[in-house]
Amino acid sequence: MRTEYQFREIEKQWQSFWEKNETFKSQINKNKPKYFVLDMFPYPSGAGLHVGHPLGYIASDIISRYKRLMGFEVLHPMGFDSFGLPAEQYAIQTGQHPAVTTENNIAKYIEQLKNMGFSFDWSREVRTSDASYYKWTQWIFMKLFNSWYNQETDKAESIDTLTEILTKKGSVNLRAVCDEELPRISADEWNSYSEDEKYKYILGYRLAYLDDSVVNWCPAMGTVLANDEVKDGFSERGGYLVEQKKMRQWSMRITAYADRLLTGLDEVDWSDSIKEQQRNWIGKSIGAEVTFDIENVIDKKIKVFTTRVDTIYGVSFMVLAPEHEWVDSLTTQEQKSAVAEYVKWTQSRSELDRVSEVKQISGVFTGTYVTNPVNDERVPLYLADYVLAGYGTGAVMGVPSGDQRDWNFATHFDLPIIPILDAQKGIEKQADATKEGLYINSGIINGLSYKEATNTLISWLEQRGLGKGKIQYRMRNAVFSRQRYWGEPVPVYFKPTSSGELLPYLIDESDLPLELPKIDKYLPTETGEPPLGRASMEWKYKNQYEYEWSTMPGWAGSSWYWYRYMDSQNKDEFASKESVDYWKAVDLYIGGSEHATGHLLYSRFWNKFLKDLGLVHEEEFAKKLINQGMIQGRSNFVYRVKDSEKVTFVSYGLKEKYQIAALHVDVNIVENDILDVDAFKKSRNDVPDDAEFILEGGKYMCGWEVEKMSKSKYNVVNPDDLISKYGADTLRVYEMFLGPLEQFKPWNTNSISGSHNFLRKFWRLFFDENTQAGKLVDETASADELRVLHTAIRKVKDDLDRFSFNTVVSTLMICVNDLGQLKCHKKSVLRDLLILVSPYAPHMAEELWVALGELPGQISYAKFPEFNPAFLNEESFKYPISFNGKVKLTLDFSSSASSNEIESGVLANEQVIKILAGVSPSKVIVVPKRIVNIVLGK
RNA sequence: GCUUGGGUGGUGGAACUGGUAGACACGCAGGACUUAAAAUCCUGUGAGCCGUAACGCUCGUGUGGGUUCGAUUCCCAUCCCAAGUACCA
């Protein structure tokens, strides 16, 4: 047993103890309630972990350990989201197989994670790039391919139920989510179809489907990207230009779940900001679709979507997106050249121009008129790039009096601005989007209010087949193909129909997993096909059919991984029924907020799908989500004096007197903003030995600034360095002590000594630091000691229950300080306190646990001490006595004293009488166990 | 522009349903121990004022109002910072 706090040996020893004894292995235990604590698993990058990464893991580990102490069977696993771009790019450069890079990086991650003393059940580790894992990702894909969304039952169903319906009733009245251009057919038509025709028709209903869609194509990376991977027209990773391109791609019909994804947000305990981001992403708009006739055109009608159908009498123009497919056919002869020029101009503008350009009004008249269905007014048809082809119908009705963009457009092109509500004001200066007042100039809705008008119009339009109420979503179906190598192969092959058309078929389930083939290079083929095309000579299904060459996107493997943790070794199922029945879903999920509209949305989608299939229990996969705030870098600077003969640096506080240039300096040679001058000289070639340093108070003080943590700013702090200097326990305590978990904060190593001192102080309650003698005694605890202990027990429990990790540390510090004051070395007190400390400093806790004479390793499953209010000594309360809200003194009163007793007691007090100086108070307010306020005057 | 957070000492932060603002920690200053240093321990530390001192007074949670016996907390307005998002009809 150690009597000195040699943290490195202690930590190493217990880490291997835990590993050897599988201390944190969890299993289905029906005698205990379960608790599933999940971290967002990392992508194992080559750079390893920096000090910001473990923040969330520390928090989740503390909760895991706390829940074990509370008697829960805790599932706390870790794994790796190991398919991804960096490994592939490295492969392109070096030829090394991404699997090798990935393997190496994972090994490094595991070592770093184990070094932190996390209580992961490593036997459940998953890696999305392992065939044994992605077999089930592919399996879920197959389920999606074999399912359609029945809006009648509001869930996904097997394709079999669809064929049954088609055979009996056709699709005329079918309420299903499907391709928009898919024709409605009768049962007779369906039954007259050939097998190939039937198969092809059904492709339009599958939840995983092939489609020619406009996608975000990134030429630099040679792949398509999902909407959430594109930011302002550039790829999120790499920052390459992204363009719109029509391509045949796999997609996921996530829009089928739009409404459930929206309503489900109400039942999860996630931050408002994440929920709001998802709501905006889904972008539900309730409105109406209205059909406009086109003058002199019979075979086409223009549909618009509007959220303000009530403003339809104010329409003075109509606008089509320049990319709209009818642009050519709807342009008159006279306008042909003007329109062509405008379309060309909009196309020529790169995404960059579109984004950076100040909003300016542009557009062109097509020469064509449409007819407003409510009043048969002739309305000119324009093109303008403020209308987006990808949203709604790609056409908009222009109501200048009620919409600012329409107003701008109308003013620019000198189109009429028709007032429609008597409450609209100043519409000659700007649009007024009010819904107040009564309608004017508005035919059948004149004199009605907003609500009445909307309903009246929609039913009027519906009766005449001119429109209908409609709900529009901003969210698009999710493109699921990536033209990359390092991802899950799509378990699909292509077989020609009798007419020679290639249709996609699933491979046989028994052929799963469909493993990644070996290829010579990780680049697209010479003909521009995805890298997997390089394997096409020998890589064929049943030696004859071409496989799908694109792979799945990064989010595929991460959209269901929490289920695999439940039963990670299972070869026959994605997870056994028994394990899903027991663990059900995630109780606490901790991770960054950057996944708000990516991973977190897709995961909810897949989870709902799996629930529809009856494979899982919960509609939402994570009840509680905490987003840990990003840890920013804190850079240090030195100030070089310009134009000095010798190389000279001036300390921060004196820099104003000189012409200086600020230079980043490695934060690892700076402590409390004091520069280690010798280390600085050594670390830089451009600083000669005789360089001069102008000091203040004998020290060189550095300046500082908050920036992103990055190598180029010399502000990266490696957890391994801190662990070797202070120990993992100190680092864990310190990261939690830094502030609220969810807050963004700069990393600052300055005050880590405080956390280290706290642990050492705690250690000294057990051992004398100088003599190494044990201090523990068996005496019974005093009332004071019990009061101190139980104050801490209550606060630690309360704070952990509301995930207030930083205040727990303060509480523990106060408790240790107080027990130190009381010179308490009593085993019974320290044993309870040790359990409170153990989630934060598990290694030290194990070591001291043994010192108490307990069994090694048992503290992880000890019982969290029970709070006993009797020890809190609440017979009396110190009342602050305030005068008009200003506290002047405190007085002790018995806890059982009534308000009246307290009031008379206060007024009889000498000091109070003195302060009152003869003035009688107008009122005395006594708040039991809080405060007394004496009101003067008024 | 919109959405969601946030603004408290020299610094990180605390104050849970309105009830002693600044817990805890860093830093700083002073002291004890020591030949010395480290370590440890003790004291002080929001700003200003009065005074020899004890004591006491005033101001103070971005800013300006309001509600209240009482506001960091609730309401209105306004400024600033961060994140997300946008010609979404």
# chains A, B, ... in the order shown; residues from 1 in each chain; ligands from 1
call {"tool": "interface_residues", "arguments": {"of": "chain B", "to": "chain A", "cutoff": "6 Å", "atoms": "only C-alpha atoms (C1' of nucleotides)", "output": "PDB file with C-alpha atoms (C1' of nucleotides), in the first residue's frame"}}
result
ATOM      1  C1'   U B   4     -30.924  29.744 -29.601  1.00  0.00           C
ATOM      2  C1'   G B  19     -34.565  36.280  -0.147  1.00  0.00           C
ATOM      3  C1'   U B  20     -27.086  37.975   3.022  1.00  0.00           C
ATOM      4  C1'   C B  24     -15.092  27.166  -4.665  1.00  0.00           C
ATOM      5  C1'   A B  25     -10.573  27.788  -7.253  1.00  0.00           C
ATOM      6  C1'   C B  26      -6.628  30.563  -9.672  1.00  0.00           C
ATOM      7  C1'   C B  69     -41.157  44.565   1.139  1.00  0.00           C
ATOM      8  C1'   G B  70     -36.921  42.598  -1.603  1.00  0.00           C
ATOM      9  C1'   C B  87     -33.870  35.159 -50.891  1.00  0.00           C
ATOM     10  C1'   A B  89     -42.687  31.984 -50.873  1.00  0.00           C
TER      11        A B  89
END
call {"tool": "select_by_dssp", "arguments": {"residues": "range 363-569 of chain A", "states": "strand (DSSP E or B)", "output": "VMD selection string"}}
result
chain A and resid 364 to 371 378 to 383 395 to 398 421 439 467 to 473 478 to 479 482 489 492 to 496 502 to 506 540 to 541 545 to 547 551
call {"tool": "write_last_selection", "arguments": {"atoms": "C-alpha atoms", "output": "CSV table (one decimal), in the first residue's frame"}}
result
chain,number,residue,atom,x,y,z
A,364,VAL,CA,-36.7,39.1,-66.6
A,365,PHE,CA,-40.2,39.0,-68.1
A,366,THR,CA,-41.0,35.9,-70.1
A,367,GLY,CA,-43.6,37.6,-72.2
A,368,THR,CA,-46.2,35.1,-70.9
A,369,TYR,CA,-49.2,35.9,-68.7
A,370,VAL,CA,-51.0,33.6,-66.3
A,371,THR,CA,-54.5,33.9,-64.9
A,378,ARG,CA,-54.0,38.7,-66.1
A,379,VAL,CA,-50.7,38.4,-64.3
A,380,PRO,CA,-47.2,38.7,-66.0
A,381,LEU,CA,-44.8,35.8,-65.6
A,382,TYR,CA,-41.3,36.6,-64.7
A,383,LEU,CA,-38.1,34.7,-64.0
A,395,ALA,CA,-42.8,29.1,-58.6
A,396,VAL,CA,-44.1,31.9,-56.5
A,397,MET,CA,-47.0,34.3,-56.7
A,398,GLY,CA,-45.9,37.8,-56.2
A,421,LEU,CA,-56.0,44.5,-45.8
A,439,TYR,CA,-59.7,42.3,-46.4
A,467,GLY,CA,-55.9,24.3,-55.3
A,468,LYS,CA,-55.7,22.6,-51.9
A,469,GLY,CA,-54.3,23.0,-48.5
A,470,LYS,CA,-50.8,21.7,-48.3
A,471,ILE,CA,-48.0,21.2,-45.9
A,472,GLN,CA,-44.6,21.9,-47.3
A,473,TYR,CA,-41.3,20.8,-45.8
A,478,ALA,CA,-31.2,12.4,-48.0
A,479,VAL,CA,-28.7,11.5,-50.7
A,482,ARG,CA,-20.8,8.7,-51.9
A,489,PRO,CA,-20.6,-1.0,-49.9
A,492,VAL,CA,-27.1,-4.0,-54.3
A,493,TYR,CA,-26.3,-5.3,-57.8
A,494,PHE,CA,-27.8,-4.4,-61.2
A,495,LYS,CA,-29.6,-6.8,-63.5
A,496,PRO,CA,-30.9,-6.0,-66.9
A,502,LEU,CA,-30.5,-2.1,-65.5
A,503,LEU,CA,-32.6,-2.3,-62.3
A,504,PRO,CA,-31.2,-2.5,-58.8
A,505,TYR,CA,-31.7,-5.7,-56.7
A,506,LEU,CA,-30.6,-6.6,-53.2
A,540,LYS,CA,-19.2,-9.1,-59.4
A,541,TYR,CA,-22.3,-10.6,-57.8
A,545,TYR,CA,-23.8,-8.7,-62.1
A,546,GLU,CA,-22.2,-5.4,-61.5
A,547,TYR,CA,-22.4,-4.2,-57.9
A,551,THR,CA,-20.6,3.5,-50.9
call {"tool": "select_by_dssp", "arguments": {"residues": "range 391-574 of chain A", "states": "alpha helix (DSSP H)", "output": "number ranges by chain"}}
result
A: 404-413, 450-463, 555-558, 561-566
call {"tool": "residues_around", "arguments": {"residues": "C79 in chain B", "least_positions_apart": "6", "cutoff": "12 Å", "atoms": "only C-alpha atoms (C1' of nucleotides)", "output": "PyMOL selection string"}}
result
chain B and resi 7+62-64
call {"tool": "atom_distance", "arguments": {"atom1": "CA of Trp583 in chain A", "atom2": "CA of Lys114 in chain A"}}
result
24.6 Å
call {"tool": "residues_around", "arguments": {"residues": "Arg206 in chain A", "least_positions_apart": "2", "cutoff": "7 Å", "atoms": "only C-alpha atoms (C1' of nucleotides)", "output": "list in words"}}
result
Phe145, Asn146, Ser147, Trp148, Ile202, Leu203, Gly204, Ala208 and Tyr209 of chain A
call {"tool": "decode", "arguments": {"residues": "range 21-34 of chain B", "atoms": "all heavy atoms", "output": "CSV table (one decimal), in the first residue's frame"}}
result
chain,number,residue,atom,x,y,z
B,21,A,P,-27.0,41.0,-0.3
B,21,A,OP1,-26.2,42.2,0.1
B,21,A,OP2,-28.5,41.1,-0.6
B,21,A,O5',-26.4,40.2,-1.5
B,21,A,C5',-25.0,39.9,-1.5
B,21,A,C4',-24.7,38.8,-2.4
B,21,A,O4',-25.1,39.2,-3.8
B,21,A,C3',-23.2,38.5,-2.5
B,21,A,O3',-22.9,37.5,-1.6
B,21,A,C2',-23.1,37.9,-3.9
B,21,A,O2',-23.6,36.6,-4.0
B,21,A,C1',-24.2,38.8,-4.7
B,21,A,N9,-23.6,40.0,-5.3
B,21,A,C8,-23.8,41.3,-5.0
B,21,A,N7,-23.2,42.2,-5.8
B,21,A,C5,-22.5,41.3,-6.7
B,21,A,C6,-21.7,41.6,-7.8
B,21,A,N6,-21.4,42.9,-8.2
B,21,A,N1,-21.2,40.6,-8.5
B,21,A,C2,-21.5,39.4,-8.1
B,21,A,N3,-22.3,39.0,-7.1
B,21,A,C4,-22.8,40.0,-6.4
B,22,G,P,-21.5,37.4,-0.9
B,22,G,OP1,-21.6,36.3,0.1
B,22,G,OP2,-21.1,38.8,-0.5
B,22,G,O5',-20.6,37.0,-2.1
B,22,G,C5',-20.8,35.7,-2.8
B,22,G,C4',-19.9,35.6,-4.0
B,22,G,O4',-20.2,36.7,-4.8
B,22,G,C3',-18.4,35.8,-3.6
B,22,G,O3',-17.9,34.5,-3.4
B,22,G,C2',-17.8,36.4,-4.8
B,22,G,O2',-17.3,35.5,-5.7
B,22,G,C1',-19.0,37.1,-5.5
B,22,G,N9,-19.0,38.6,-5.5
B,22,G,C8,-19.3,39.4,-4.5
B,22,G,N7,-19.2,40.7,-4.8
B,22,G,C5,-18.7,40.6,-6.1
B,22,G,C6,-18.4,41.7,-7.0
B,22,G,O6,-18.4,42.9,-6.8
B,22,G,N1,-17.9,41.2,-8.2
B,22,G,C2,-17.9,39.8,-8.6
B,22,G,N2,-17.4,39.6,-9.8
B,22,G,N3,-18.2,38.9,-7.8
B,22,G,C4,-18.6,39.3,-6.6
B,23,A,P,-16.5,34.3,-2.6
B,23,A,OP1,-16.5,35.4,-1.6
B,23,A,OP2,-15.4,34.2,-3.6
B,23,A,O5',-16.7,32.9,-1.9
B,23,A,C5',-17.7,32.7,-0.9
B,23,A,C4',-18.4,31.4,-1.1
B,23,A,O4',-19.3,31.4,-2.2
B,23,A,C3',-17.4,30.2,-1.4
B,23,A,O3',-16.9,29.7,-0.2
B,23,A,C2',-18.4,29.2,-2.0
B,23,A,O2',-19.2,28.6,-1.0
B,23,A,C1',-19.3,30.1,-2.8
B,23,A,N9,-18.8,30.3,-4.2
B,23,A,C8,-18.3,31.4,-4.8
B,23,A,N7,-18.0,31.2,-6.1
B,23,A,C5,-18.2,29.9,-6.3
B,23,A,C6,-17.9,29.1,-7.4
B,23,A,N6,-17.4,29.5,-8.6
B,23,A,N1,-18.2,27.8,-7.3
B,23,A,C2,-18.7,27.3,-6.1
B,23,A,N3,-19.0,28.0,-5.0
B,23,A,C4,-18.7,29.3,-5.2
B,24,C,P,-15.3,29.6,0.0
B,24,C,OP1,-15.1,29.0,1.3
B,24,C,OP2,-14.7,30.9,-0.3
B,24,C,O5',-14.9,28.6,-1.2
B,24,C,C5',-15.3,27.2,-1.1
B,24,C,C4',-14.9,26.6,-2.4
B,24,C,O4',-15.8,27.1,-3.4
B,24,C,C3',-13.5,26.8,-2.9
B,24,C,O3',-12.6,26.0,-2.3
B,24,C,C2',-13.7,26.6,-4.4
B,24,C,O2',-13.8,25.2,-4.7
B,24,C,C1',-15.1,27.2,-4.7
B,24,C,N1,-15.0,28.6,-5.1
B,24,C,C2,-14.7,28.9,-6.4
B,24,C,O2,-14.6,27.9,-7.2
B,24,C,N3,-14.7,30.2,-6.8
B,24,C,C4,-14.8,31.1,-5.9
B,24,C,N4,-14.7,32.4,-6.3
B,24,C,C5,-15.1,30.9,-4.5
B,24,C,C6,-15.2,29.6,-4.2
B,25,A,P,-11.1,26.5,-2.0
B,25,A,OP1,-10.4,25.4,-1.4
B,25,A,OP2,-11.2,27.9,-1.4
B,25,A,O5',-10.6,26.8,-3.5
B,25,A,C5',-10.1,25.7,-4.3
B,25,A,C4',-9.9,26.2,-5.7
B,25,A,O4',-11.0,26.9,-6.2
B,25,A,C3',-8.7,27.2,-5.9
B,25,A,O3',-7.5,26.6,-5.8
B,25,A,C2',-9.0,27.7,-7.3
B,25,A,O2',-8.7,26.7,-8.3
B,25,A,C1',-10.6,27.8,-7.3
B,25,A,N9,-11.0,29.2,-6.9
B,25,A,C8,-11.3,29.7,-5.7
B,25,A,N7,-11.6,31.0,-5.7
B,25,A,C5,-11.3,31.3,-7.0
B,25,A,C6,-11.4,32.6,-7.7
B,25,A,N6,-11.7,33.7,-7.2
B,25,A,N1,-11.1,32.6,-9.0
B,25,A,C2,-10.7,31.4,-9.6
B,25,A,N3,-10.6,30.2,-9.1
B,25,A,C4,-10.9,30.2,-7.8
B,26,C,P,-6.2,27.4,-5.4
B,26,C,OP1,-5.1,26.5,-5.2
B,26,C,OP2,-6.6,28.4,-4.3
B,26,C,O5',-5.9,28.3,-6.7
B,26,C,C5',-5.5,27.6,-7.9
B,26,C,C4',-5.5,28.6,-9.0
B,26,C,O4',-6.8,29.3,-9.1
B,26,C,C3',-4.6,29.8,-8.9
B,26,C,O3',-3.2,29.4,-9.1
B,26,C,C2',-5.1,30.8,-9.9
B,26,C,O2',-4.8,30.4,-11.2
B,26,C,C1',-6.6,30.6,-9.7
B,26,C,N1,-7.2,31.6,-8.7
B,26,C,C2,-7.4,32.9,-9.2
B,26,C,O2,-7.1,33.1,-10.4
B,26,C,N3,-7.9,33.8,-8.4
B,26,C,C4,-8.2,33.5,-7.1
B,26,C,N4,-8.7,34.5,-6.3
B,26,C,C5,-8.0,32.2,-6.6
B,26,C,C6,-7.5,31.2,-7.5
B,27,G,P,-2.1,30.0,-8.3
B,27,G,OP1,-0.8,29.5,-8.8
B,27,G,OP2,-2.4,29.9,-6.9
B,27,G,O5',-2.2,31.6,-8.7
B,27,G,C5',-1.9,32.0,-10.0
B,27,G,C4',-2.2,33.5,-10.1
B,27,G,O4',-3.6,33.7,-9.9
B,27,G,C3',-1.5,34.4,-9.1
B,27,G,O3',-0.2,34.7,-9.5
B,27,G,C2',-2.5,35.6,-9.2
B,27,G,O2',-2.3,36.4,-10.3
B,27,G,C1',-3.8,34.9,-9.2
B,27,G,N9,-4.4,34.6,-7.9
B,27,G,C8,-4.5,33.4,-7.3
B,27,G,N7,-5.0,33.5,-6.1
B,27,G,C5,-5.4,34.9,-6.0
B,27,G,C6,-6.0,35.5,-4.9
B,27,G,O6,-6.4,35.1,-3.8
B,27,G,N1,-6.1,36.9,-5.2
B,27,G,C2,-5.7,37.5,-6.3
B,27,G,N2,-5.9,38.8,-6.4
B,27,G,N3,-5.1,36.9,-7.3
B,27,G,C4,-5.0,35.6,-7.1
B,28,C,P,0.9,34.9,-8.4
B,28,C,OP1,2.2,35.1,-9.2
B,28,C,OP2,0.8,33.8,-7.5
B,28,C,O5',0.5,36.2,-7.7
B,28,C,C5',0.4,37.5,-8.5
B,28,C,C4',-0.3,38.5,-7.6
B,28,C,O4',-1.6,38.1,-7.3
B,28,C,C3',0.3,38.8,-6.3
B,28,C,O3',1.5,39.5,-6.3
B,28,C,C2',-0.8,39.4,-5.5
B,28,C,O2',-1.0,40.8,-5.9
B,28,C,C1',-2.0,38.6,-6.1
B,28,C,N1,-2.3,37.5,-5.2
B,28,C,C2,-3.1,37.8,-4.0
B,28,C,O2,-3.5,38.9,-3.8
B,28,C,N3,-3.4,36.8,-3.2
B,28,C,C4,-3.0,35.5,-3.4
B,28,C,N4,-3.4,34.5,-2.6
B,28,C,C5,-2.2,35.2,-4.6
B,28,C,C6,-1.9,36.2,-5.4
B,29,A,P,2.7,39.2,-5.3
B,29,A,OP1,3.8,40.1,-5.8
B,29,A,OP2,2.8,37.8,-5.1
B,29,A,O5',2.1,39.9,-3.9
B,29,A,C5',1.8,41.3,-3.9
B,29,A,C4',1.2,41.6,-2.6
B,29,A,O4',-0.1,41.0,-2.5
B,29,A,C3',2.0,41.1,-1.3
B,29,A,O3',3.1,41.9,-1.0
B,29,A,C2',0.9,41.1,-0.3
B,29,A,O2',0.6,42.5,0.2
B,29,A,C1',-0.4,40.7,-1.1
B,29,A,N9,-0.6,39.2,-1.0
B,29,A,C8,-0.2,38.2,-1.9
B,29,A,N7,-0.5,37.0,-1.5
B,29,A,C5,-1.1,37.2,-0.3
B,29,A,C6,-1.7,36.3,0.6
B,29,A,N6,-1.7,35.0,0.4
B,29,A,N1,-2.2,36.8,1.8
B,29,A,C2,-2.2,38.2,1.9
B,29,A,N3,-1.7,39.1,1.1
B,29,A,C4,-1.2,38.6,0.0
B,30,G,P,4.3,41.1,-0.4
B,30,G,OP1,5.4,42.2,-0.3
B,30,G,OP2,4.6,39.9,-1.1
B,30,G,O5',3.9,40.8,1.1
B,30,G,C5',3.6,41.8,2.1
B,30,G,C4',2.9,41.3,3.3
B,30,G,O4',1.7,40.7,2.8
B,30,G,C3',3.6,40.3,4.1
B,30,G,O3',4.7,40.7,4.9
B,30,G,C2',2.4,39.7,4.9
B,30,G,O2',2.1,40.6,5.9
B,30,G,C1',1.3,39.7,3.8
B,30,G,N9,1.2,38.4,3.2
B,30,G,C8,1.7,38.0,1.9
B,30,G,N7,1.5,36.7,1.7
B,30,G,C5,0.9,36.3,2.8
B,30,G,C6,0.4,35.0,3.1
B,30,G,O6,0.5,33.9,2.4
B,30,G,N1,-0.2,34.9,4.4
B,30,G,C2,-0.3,36.0,5.3
B,30,G,N2,-0.9,35.7,6.4
B,30,G,N3,0.1,37.2,5.0
B,30,G,C4,0.7,37.3,3.7
B,31,G,P,5.9,39.8,5.1
B,31,G,OP1,6.9,40.6,5.8
B,31,G,OP2,6.3,39.1,3.9
B,31,G,O5',5.3,38.7,6.1
B,31,G,C5',5.0,39.1,7.5
B,31,G,C4',4.2,38.0,8.1
B,31,G,O4',3.1,37.6,7.3
B,31,G,C3',4.9,36.7,8.5
B,31,G,O3',5.8,36.8,9.6
B,31,G,C2',3.7,35.8,8.7
B,31,G,O2',3.1,36.1,10.0
B,31,G,C1',2.8,36.2,7.6
B,31,G,N9,2.9,35.4,6.4
B,31,G,C8,3.4,35.7,5.2
B,31,G,N7,3.4,34.7,4.3
B,31,G,C5,2.9,33.6,5.1
B,31,G,C6,2.6,32.3,4.7
B,31,G,O6,2.8,31.7,3.6
B,31,G,N1,2.0,31.6,5.7
B,31,G,C2,1.8,32.1,7.0
B,31,G,N2,1.2,31.2,7.9
B,31,G,N3,2.0,33.3,7.4
B,31,G,C4,2.6,34.1,6.3
B,32,A,P,7.0,35.9,9.7
B,32,A,OP1,7.8,36.4,10.9
B,32,A,OP2,7.7,35.7,8.4
B,32,A,O5',6.4,34.5,10.1
B,32,A,C5',5.7,34.3,11.4
B,32,A,C4',5.2,32.9,11.5
B,32,A,O4',4.3,32.7,10.4
B,32,A,C3',6.2,31.8,11.4
B,32,A,O3',6.9,31.6,12.6
B,32,A,C2',5.4,30.6,11.0
B,32,A,O2',4.7,30.1,12.1
B,32,A,C1',4.4,31.3,10.0
B,32,A,N9,4.7,31.2,8.6
B,32,A,C8,5.2,32.2,7.8
B,32,A,N7,5.4,31.9,6.6
B,32,A,C5,5.0,30.5,6.5
B,32,A,C6,5.0,29.6,5.5
B,32,A,N6,5.4,29.8,4.3
B,32,A,N1,4.6,28.4,5.8
B,32,A,C2,4.2,28.1,7.1
B,32,A,N3,4.2,28.9,8.1
B,32,A,C4,4.6,30.1,7.8
B,33,C,P,8.5,31.3,12.6
B,33,C,OP1,9.0,31.2,14.0
B,33,C,OP2,9.2,32.2,11.6
B,33,C,O5',8.5,29.8,11.9
B,33,C,C5',8.0,28.7,12.7
B,33,C,C4',8.0,27.5,11.8
B,33,C,O4',7.2,27.7,10.6
B,33,C,C3',9.3,27.2,11.2
B,33,C,O3',10.2,26.4,12.1
B,33,C,C2',9.0,26.3,9.9
B,33,C,O2',8.6,25.0,10.3
B,33,C,C1',7.7,27.1,9.5
B,33,C,N1,8.0,28.1,8.4
B,33,C,C2,8.1,27.6,7.1
B,33,C,O2,7.9,26.4,6.9
B,33,C,N3,8.3,28.5,6.1
B,33,C,C4,8.4,29.8,6.4
B,33,C,N4,8.7,30.7,5.4
B,33,C,C5,8.3,30.3,7.8
B,33,C,C6,8.1,29.4,8.7
B,34,U,P,11.6,26.9,12.4
B,34,U,OP1,12.2,26.0,13.4
B,34,U,OP2,11.7,28.3,12.6
B,34,U,O5',12.4,26.6,11.0
B,34,U,C5',12.5,25.2,10.5
B,34,U,C4',13.1,25.2,9.1
B,34,U,O4',12.1,25.9,8.2
B,34,U,C3',14.3,26.0,8.9
B,34,U,O3',15.5,25.3,9.4
B,34,U,C2',14.4,26.3,7.4
B,34,U,O2',14.8,25.2,6.7
B,34,U,C1',12.9,26.5,7.1
B,34,U,N1,12.5,27.9,7.1
B,34,U,C2,12.6,28.5,5.8
B,34,U,O2,13.0,27.9,4.8
B,34,U,N3,12.3,29.9,5.8
B,34,U,C4,11.8,30.6,6.8
B,34,U,O4,11.5,31.8,6.6
B,34,U,C5,11.7,29.9,8.1
B,34,U,C6,12.1,28.6,8.1
